[in-house]
>>> print(open('target30.cif').read())   # mmCIF, C-alpha atoms
data_target
loop_
_atom_site.group_PDB
_atom_site.id
_atom_site.type_symbol
_atom_site.label_atom_id
_atom_site.label_comp_id
_atom_site.auth_asym_id
_atom_site.auth_seq_id
_atom_site.Cartn_x
_atom_site.Cartn_y
_atom_site.Cartn_z
ATOM 1 C CA MET W 1 -29.956 32.980 -12.822
ATOM 2 C CA LYS W 2 -30.002 29.362 -14.006
ATOM 3 C CA LEU W 3 -29.089 28.434 -17.579
ATOM 4 C CA PRO W 4 -29.208 24.919 -19.075
ATOM 5 C CA CYS W 5 -25.954 23.752 -20.651
ATOM 6 C CA ILE W 6 -25.736 22.870 -24.331
ATOM 7 C CA ARG W 7 -25.355 19.112 -24.838
ATOM 8 C CA SER W 8 -23.780 17.296 -27.744
ATOM 9 C CA GLY W 9 -23.801 13.599 -26.867
ATOM 10 C CA HIS W 10 -21.716 13.310 -23.690
ATOM 11 C CA ARG W 11 -20.006 16.658 -24.382
ATOM 12 C CA ILE W 12 -21.147 19.671 -22.350
ATOM 13 C CA LEU W 13 -20.908 23.093 -24.021
ATOM 14 C CA SER W 14 -21.111 26.607 -22.587
ATOM 15 C CA PRO W 15 -24.438 28.408 -23.108
ATOM 16 C CA ILE W 16 -22.966 31.855 -22.339
ATOM 17 C CA VAL W 17 -19.765 33.929 -22.525
ATOM 18 C CA GLY W 18 -17.791 34.383 -19.290
ATOM 19 C CA TYR W 19 -15.374 32.931 -16.724
ATOM 20 C CA ILE W 20 -16.145 29.375 -15.557
ATOM 21 C CA SER W 21 -16.023 27.745 -12.116
ATOM 22 C CA HIS W 22 -16.703 23.973 -12.149
ATOM 23 C CA LYS W 23 -18.467 21.787 -9.615
ATOM 24 C CA THR W 24 -17.110 18.361 -10.588
ATOM 25 C CA ARG W 25 -19.596 15.929 -9.195
ATOM 26 C CA SER W 26 -21.770 12.923 -9.682
ATOM 27 C CA ILE W 27 -25.043 13.699 -11.388
ATOM 28 C CA ALA W 28 -28.345 12.265 -10.215
ATOM 29 C CA PRO W 29 -31.686 12.362 -12.035
ATOM 30 C CA GLY W 30 -33.196 15.858 -12.073
ATOM 31 C CA SER W 31 -31.680 19.272 -12.722
ATOM 32 C CA GLU W 32 -28.176 19.642 -11.278
ATOM 33 C CA GLU W 33 -25.784 22.611 -11.131
ATOM 34 C CA ILE W 34 -22.452 21.635 -12.726
ATOM 35 C CA ALA W 35 -20.730 25.021 -12.967
ATOM 36 C CA THR W 36 -21.113 28.754 -12.619
ATOM 37 C CA ILE W 37 -20.092 31.382 -15.144
ATOM 38 C CA ARG W 38 -19.259 34.944 -14.115
ATOM 39 C CA ARG W 39 -20.156 37.553 -16.704
ATOM 40 C CA LEU W 40 -20.284 41.332 -16.253
ATOM 41 C CA GLY W 41 -20.403 41.015 -12.469
ATOM 42 C CA GLN W 42 -23.258 38.497 -12.493
ATOM 43 C CA ILE W 43 -23.005 34.810 -11.703
ATOM 44 C CA PHE W 44 -24.994 32.366 -13.815
ATOM 45 C CA SER W 45 -25.635 28.804 -12.664
ATOM 46 C CA ILE W 46 -25.093 26.234 -15.449
ATOM 47 C CA THR W 47 -27.387 23.252 -15.060
ATOM 48 C CA ILE W 48 -27.839 19.888 -16.692
ATOM 49 C CA GLU W 49 -30.847 17.648 -16.754
ATOM 50 C CA GLY W 50 -29.560 14.740 -14.710
ATOM 51 C CA GLU W 51 -28.415 11.460 -16.106
ATOM 52 C CA LEU W 52 -26.510 8.989 -14.005
ATOM 53 C CA GLY W 53 -22.844 9.725 -14.339
ATOM 54 C CA ARG W 54 -20.159 12.164 -13.354
ATOM 55 C CA TYR W 55 -19.440 15.621 -14.753
ATOM 56 C CA ILE W 56 -15.751 15.969 -15.665
ATOM 57 C CA ALA W 57 -14.349 19.436 -16.384
ATOM 58 C CA ASP W 58 -12.369 19.789 -19.632
ATOM 59 C CA VAL W 59 -11.194 23.388 -19.096
ATOM 60 C CA ALA W 60 -9.574 24.954 -16.031
ATOM 61 C CA ASN W 61 -11.501 27.076 -13.535
ATOM 62 C CA GLY W 62 -11.237 30.753 -14.433
ATOM 63 C CA THR W 63 -11.057 30.102 -18.190
ATOM 64 C CA TYR W 64 -12.821 32.695 -20.340
ATOM 65 C CA LEU W 65 -15.288 30.909 -22.623
ATOM 66 C CA GLY W 66 -17.388 31.662 -25.641
ATOM 67 C CA VAL W 67 -20.803 30.226 -26.409
ATOM 68 C CA GLY W 68 -20.589 26.607 -27.603
ATOM 69 C CA VAL W 69 -17.084 25.940 -26.212
ATOM 70 C CA GLN W 70 -16.735 22.492 -24.625
ATOM 71 C CA ILE W 71 -16.509 22.896 -20.860
ATOM 72 C CA GLY W 72 -16.700 19.236 -19.848
ATOM 73 C CA HIS W 73 -18.183 15.819 -20.483
ATOM 74 C CA ILE W 74 -20.297 13.215 -18.744
ATOM 75 C CA GLU W 75 -18.569 10.042 -17.687
ATOM 76 C CA ARG W 76 -21.068 7.276 -17.222
ATOM 77 C CA ASP W 77 -21.727 5.898 -13.764
ATOM 78 C CA GLU W 78 -18.534 4.157 -12.603
ATOM 79 C CA THR W 79 -20.318 1.046 -11.476
ATOM 80 C CA SER W 80 -21.681 0.365 -14.946
ATOM 81 C CA ASN W 81 -18.647 0.770 -17.192
ATOM 82 C CA ILE W 82 -15.494 0.562 -15.106
ATOM 83 C CA ASP W 83 -13.925 -2.764 -14.285
ATOM 84 C CA ARG W 84 -11.036 -2.439 -11.867
ATOM 85 C CA PHE W 85 -8.666 -5.337 -11.601
ATOM 86 C CA ASP W 86 -8.806 -7.398 -8.461
ATOM 87 C CA SER W 87 -5.427 -8.926 -7.658
ATOM 88 C CA GLU W 88 -7.073 -11.786 -5.764
ATOM 89 C CA SER W 89 -9.226 -12.815 -8.738
ATOM 90 C CA VAL W 90 -6.187 -12.700 -11.036
ATOM 91 C CA GLU W 91 -4.142 -14.828 -8.651
ATOM 92 C CA ASP W 92 -6.967 -17.344 -8.158
ATOM 93 C CA ASN W 93 -7.487 -17.907 -11.874
ATOM 94 C CA SER W 94 -5.471 -21.047 -12.638
ATOM 95 C CA ALA W 95 -5.582 -20.347 -16.390
ATOM 96 C CA ILE W 96 -3.262 -17.364 -15.894
ATOM 97 C CA GLY W 97 0.231 -17.699 -14.497
ATOM 98 C CA ASP W 98 1.914 -14.710 -12.823
ATOM 99 C CA GLU W 99 4.400 -14.624 -15.698
ATOM 100 C CA HIS W 100 1.567 -13.692 -18.090
ATOM 101 C CA VAL W 101 0.088 -10.780 -16.072
ATOM 102 C CA PHE W 102 1.872 -7.453 -16.021
ATOM 103 C CA SER W 103 1.176 -3.870 -15.002
ATOM 104 C CA ILE W 104 1.250 -0.728 -17.116
ATOM 105 C CA LEU W 105 2.776 2.141 -15.114
ATOM 106 C CA ALA W 106 2.062 5.875 -15.314
ATOM 107 C CA PRO W 107 4.875 7.644 -17.208
ATOM 108 C CA VAL W 108 4.294 10.962 -15.368
ATOM 109 C CA SER W 109 2.353 12.314 -12.395
ATOM 110 C CA GLY W 110 -1.007 13.932 -13.139
ATOM 111 C CA PHE W 111 -4.635 12.919 -13.546
ATOM 112 C CA LEU W 112 -5.432 9.478 -14.937
ATOM 113 C CA ILE W 113 -7.956 9.665 -17.758
ATOM 114 C CA TYR W 114 -9.324 6.517 -19.338
ATOM 115 C CA THR W 115 -12.573 7.699 -20.794
ATOM 116 C CA THR W 116 -12.979 9.323 -24.180
ATOM 117 C CA ALA W 117 -14.851 12.607 -24.677
ATOM 118 C CA ASN W 118 -18.076 10.626 -25.191
ATOM 119 C CA GLY W 119 -17.723 8.960 -21.758
ATOM 120 C CA GLU W 120 -16.707 5.491 -22.950
ATOM 121 C CA PRO W 121 -13.605 3.851 -21.424
ATOM 122 C CA TYR W 122 -10.677 3.171 -23.760
ATOM 123 C CA CYS W 123 -10.700 -0.487 -22.650
ATOM 124 C CA LYS W 124 -13.081 -2.746 -20.750
ATOM 125 C CA LYS W 125 -12.269 -5.861 -18.763
ATOM 126 C CA GLY W 126 -11.837 -8.792 -21.151
ATOM 127 C CA ASP W 127 -11.136 -6.658 -24.253
ATOM 128 C CA ILE W 128 -8.440 -7.927 -26.600
ATOM 129 C CA ILE W 129 -5.965 -5.101 -27.126
ATOM 130 C CA ALA W 130 -3.413 -4.740 -29.912
ATOM 131 C CA PRO W 131 0.111 -3.340 -29.652
ATOM 132 C CA GLY W 132 0.107 0.436 -30.080
ATOM 133 C CA MET W 133 -3.499 0.844 -28.902
ATOM 134 C CA CYS W 134 -4.090 3.747 -26.479
ATOM 135 C CA ILE W 135 -5.329 2.370 -23.148
ATOM 136 C CA ALA W 136 -5.318 5.550 -21.018
ATOM 137 C CA ALA W 137 -3.829 9.038 -20.706
ATOM 138 C CA VAL W 138 -2.346 11.197 -17.974
ATOM 139 C CA GLU W 139 -3.077 14.915 -17.984
ATOM 140 C CA PHE W 140 -0.767 17.411 -16.312
ATOM 141 C CA MET W 141 -0.106 21.132 -16.816
ATOM 142 C CA LYS W 142 -2.608 21.256 -19.711
ATOM 143 C CA LEU W 143 -0.724 18.465 -21.498
ATOM 144 C CA ARG W 144 -2.074 15.007 -22.278
ATOM 145 C CA VAL W 145 0.304 12.037 -22.410
ATOM 146 C CA GLU W 146 -1.266 8.966 -23.996
ATOM 147 C CA ILE W 147 -0.352 5.560 -22.596
ATOM 148 C CA PRO W 148 -0.156 2.955 -25.375
ATOM 149 C CA TYR W 149 -0.039 -0.803 -24.956
ATOM 150 C CA GLU W 150 3.537 -1.643 -25.956
ATOM 151 C CA GLY W 151 3.418 -5.442 -25.776
ATOM 152 C CA ALA W 152 4.865 -7.535 -28.583
ATOM 153 C CA ASN W 153 1.576 -9.392 -29.109
ATOM 154 C CA ALA W 154 -2.113 -8.798 -28.481
ATOM 155 C CA GLY W 155 -3.227 -9.125 -24.865
ATOM 156 C CA THR W 156 -6.322 -9.293 -22.673
ATOM 157 C CA PHE W 157 -7.223 -6.208 -20.639
ATOM 158 C CA LEU W 158 -7.799 -7.008 -16.927
ATOM 159 C CA GLY W 159 -8.843 -3.598 -15.558
ATOM 160 C CA TYR W 160 -7.797 -0.158 -14.311
ATOM 161 C CA SER W 161 -6.282 0.377 -10.877
ATOM 162 C CA GLN W 162 -8.315 3.441 -9.884
ATOM 163 C CA ALA W 163 -11.113 5.749 -10.981
ATOM 164 C CA SER W 164 -10.741 8.002 -14.012
ATOM 165 C CA SER W 165 -9.933 11.681 -13.365
ATOM 166 C CA THR W 166 -8.113 10.898 -10.107
ATOM 167 C CA ARG W 167 -4.549 11.857 -9.222
ATOM 168 C CA ILE W 168 -1.857 9.311 -10.114
ATOM 169 C CA GLU W 169 1.876 9.411 -9.418
ATOM 170 C CA ALA W 170 4.584 8.501 -11.933
ATOM 171 C CA GLY W 171 5.526 4.829 -11.691
ATOM 172 C CA THR W 172 2.249 3.669 -10.120
ATOM 173 C CA VAL W 173 0.011 1.044 -11.710
ATOM 174 C CA VAL W 174 -2.512 2.287 -14.292
ATOM 175 C CA CYS W 175 -3.890 -1.105 -15.345
ATOM 176 C CA ARG W 176 -3.088 -4.798 -15.690
ATOM 177 C CA ILE W 177 -2.852 -6.809 -18.874
ATOM 178 C CA CYS W 178 -2.512 -10.514 -19.560
ATOM 179 C CA ASP W 179 -0.351 -11.339 -22.567
ATOM 180 C CA VAL W 180 -2.450 -14.446 -23.230
ATOM 181 C CA VAL W 181 -5.214 -13.743 -25.753
ATOM 182 C CA GLU W 182 -7.181 -16.956 -25.202
ATOM 183 C CA ARG W 183 -10.400 -16.725 -23.252
ATOM 184 C CA ILE W 184 -9.231 -16.768 -19.666
ATOM 185 C CA GLY W 185 -12.493 -16.903 -17.776
ATOM 186 C CA ILE W 186 -13.008 -13.190 -17.266
#
>>> encode(input="target30.cif", output="structure tokens")
Amino acid sequence: MKLPCIRSGHRILSPIVGYISHKTRSIAPGSEEIATIRRLGQIFSITIEGELGRYIADVANGTYLGVGVQIGHIERDETSNIDRFDSESVEDNSAIGDEHVFSILAPVSGFLIYTTANGEPYCKKGDIIAPGMCIAAVEFMKLRVEIPYEGANAGTFLGYSQASSTRIEAGTVVCRICDVVERIGI
């Protein structure tokens, strides 16, 4: 039996009580199955009316849910809101010297998350970021470690190194930042 999910902005909520099994995937226009919920020996297909984007699970497979519990969120289509840094374009930009561009590294291994629950990225290419601002997070073992920008001064965000919700190892590059706040031709 097919059941439509409950939507609250980009948040996806459970329409039924039971144990969830996700189908993390890109969503195309039309009705798409995003998960199944097992209840009293029956399996219910949870669907969403398609919007371009990607369904990201917020609870683990096998979790017992109640009605209205957030099961996931929609991350907008990667091509529209994600700007990955391109080392060649950074090196070719004469306004930026190598001494002004640095990398933020993952503090732990896990899954890189840089979109909020409403599907917006924490930072976009060209954003001016202030010290202490959260620029991403790494999730592991049901824990979320936020990654703040710890520079002494404001900086310009150059982009993430990989897609959100993908595996990242401790010590690998999360994003690049330029410590020069002037407009640098991005």
>>> resolve_selection(input="target30.cif", expression="the PyMOL selection byres ((chain W and resi 154-160) around 8)", output="list in words")
Ile82, Asp83, Arg84, Phe85, Cys123, Lys124, Lys125, Gly126, Asp127, Ile128, Ile129, Ala130, Pro131, Gly151, Ala152, Asn153, Ser161, Gln162, Ala163, Val174, Cys175, Arg176, Ile177, Cys178, Asp179, Val180 and Val181 of chain W
>>> residues_around(input="target30.cif", residues="region 66-69 of chain W", least_positions_apart="3", cutoff="10 Å", atoms="all atoms listed in the file", output="VMD selection string")
chain W and resid 5 to 8 11 to 19 59 63 72
>>> atom_distance(input="target30.cif", atom1="CA of Ile104 (chain W)", atom2="CA of Val173 (chain W)")
5.8 Å
>>> resolve_selection(input="target30.cif", expression="the PyMOL selection byres ((chain W and resi 171) around 6)", output="list in words")
Leu105, Ala106, Ala170 and Thr172 of chain W
>>> write_last_selection(input="target30.cif", atoms="C-alpha atoms", output="PDB file, in the frame of the given file")
ATOM      1  CA  LEU W 105       2.776   2.141 -15.114  1.00  0.00           C
ATOM      2  CA  ALA W 106       2.062   5.875 -15.314  1.00  0.00           C
ATOM      3  CA  ALA W 170       4.584   8.501 -11.933  1.00  0.00           C
ATOM      4  CA  THR W 172       2.249   3.669 -10.120  1.00  0.00           C
TER       5      THR W 172
END
>>> axis_aligned_box(input="target30.cif", around="region 43-49 of chain W", padding_each_side="5 Å", output="JSON")
{"center_x": -26.9, "center_y": 26.2, "center_z": -14.2, "size_x": 17.8, "size_y": 27.2, "size_z": 15.1}
>>> residues_around(input="target30.cif", residues="Ser109 (chain W)", least_positions_apart="5", cutoff="12 Å", atoms="all atoms listed in the file", output="list in words")
Ala137, Val138, Glu139, Phe140, Met141, Leu143, Arg144, Val145, Thr166, Arg167, Ile168, Glu169, Ala170, Gly171, Thr172, Val173 and Val174 of chain W
>>> residues_around(input="target30.cif", residues="Ile56 (chain W)", least_positions_apart="5", cutoff="7 Å", atoms="all atoms listed in the file", output="list of chain:residue names")
W:Thr24, W:Gly72, W:His73, W:Ile74, W:Glu75
>>> resolve_selection(input="target30.cif", expression="the PyMOL selection byres ((chain W and resi 148) around 9)", output="list in words")
Pro131, Gly132, Met133, Cys134, Ile135, Ala136, Ala137, Glu146, Ile147, Tyr149 and Glu150 of chain W
>>> atom_distance(input="target30.cif", atom1="CA of Ile20 (chain W)", atom2="CA of Val108 (chain W)")
27.5 Å
>>> closest_residue(input="target30.cif", among="W:Ile37, W:Tyr55, W:Met1, W:Ala60", to="Lys23 (chain W)", atoms="only C-alpha atoms")
W:Tyr55
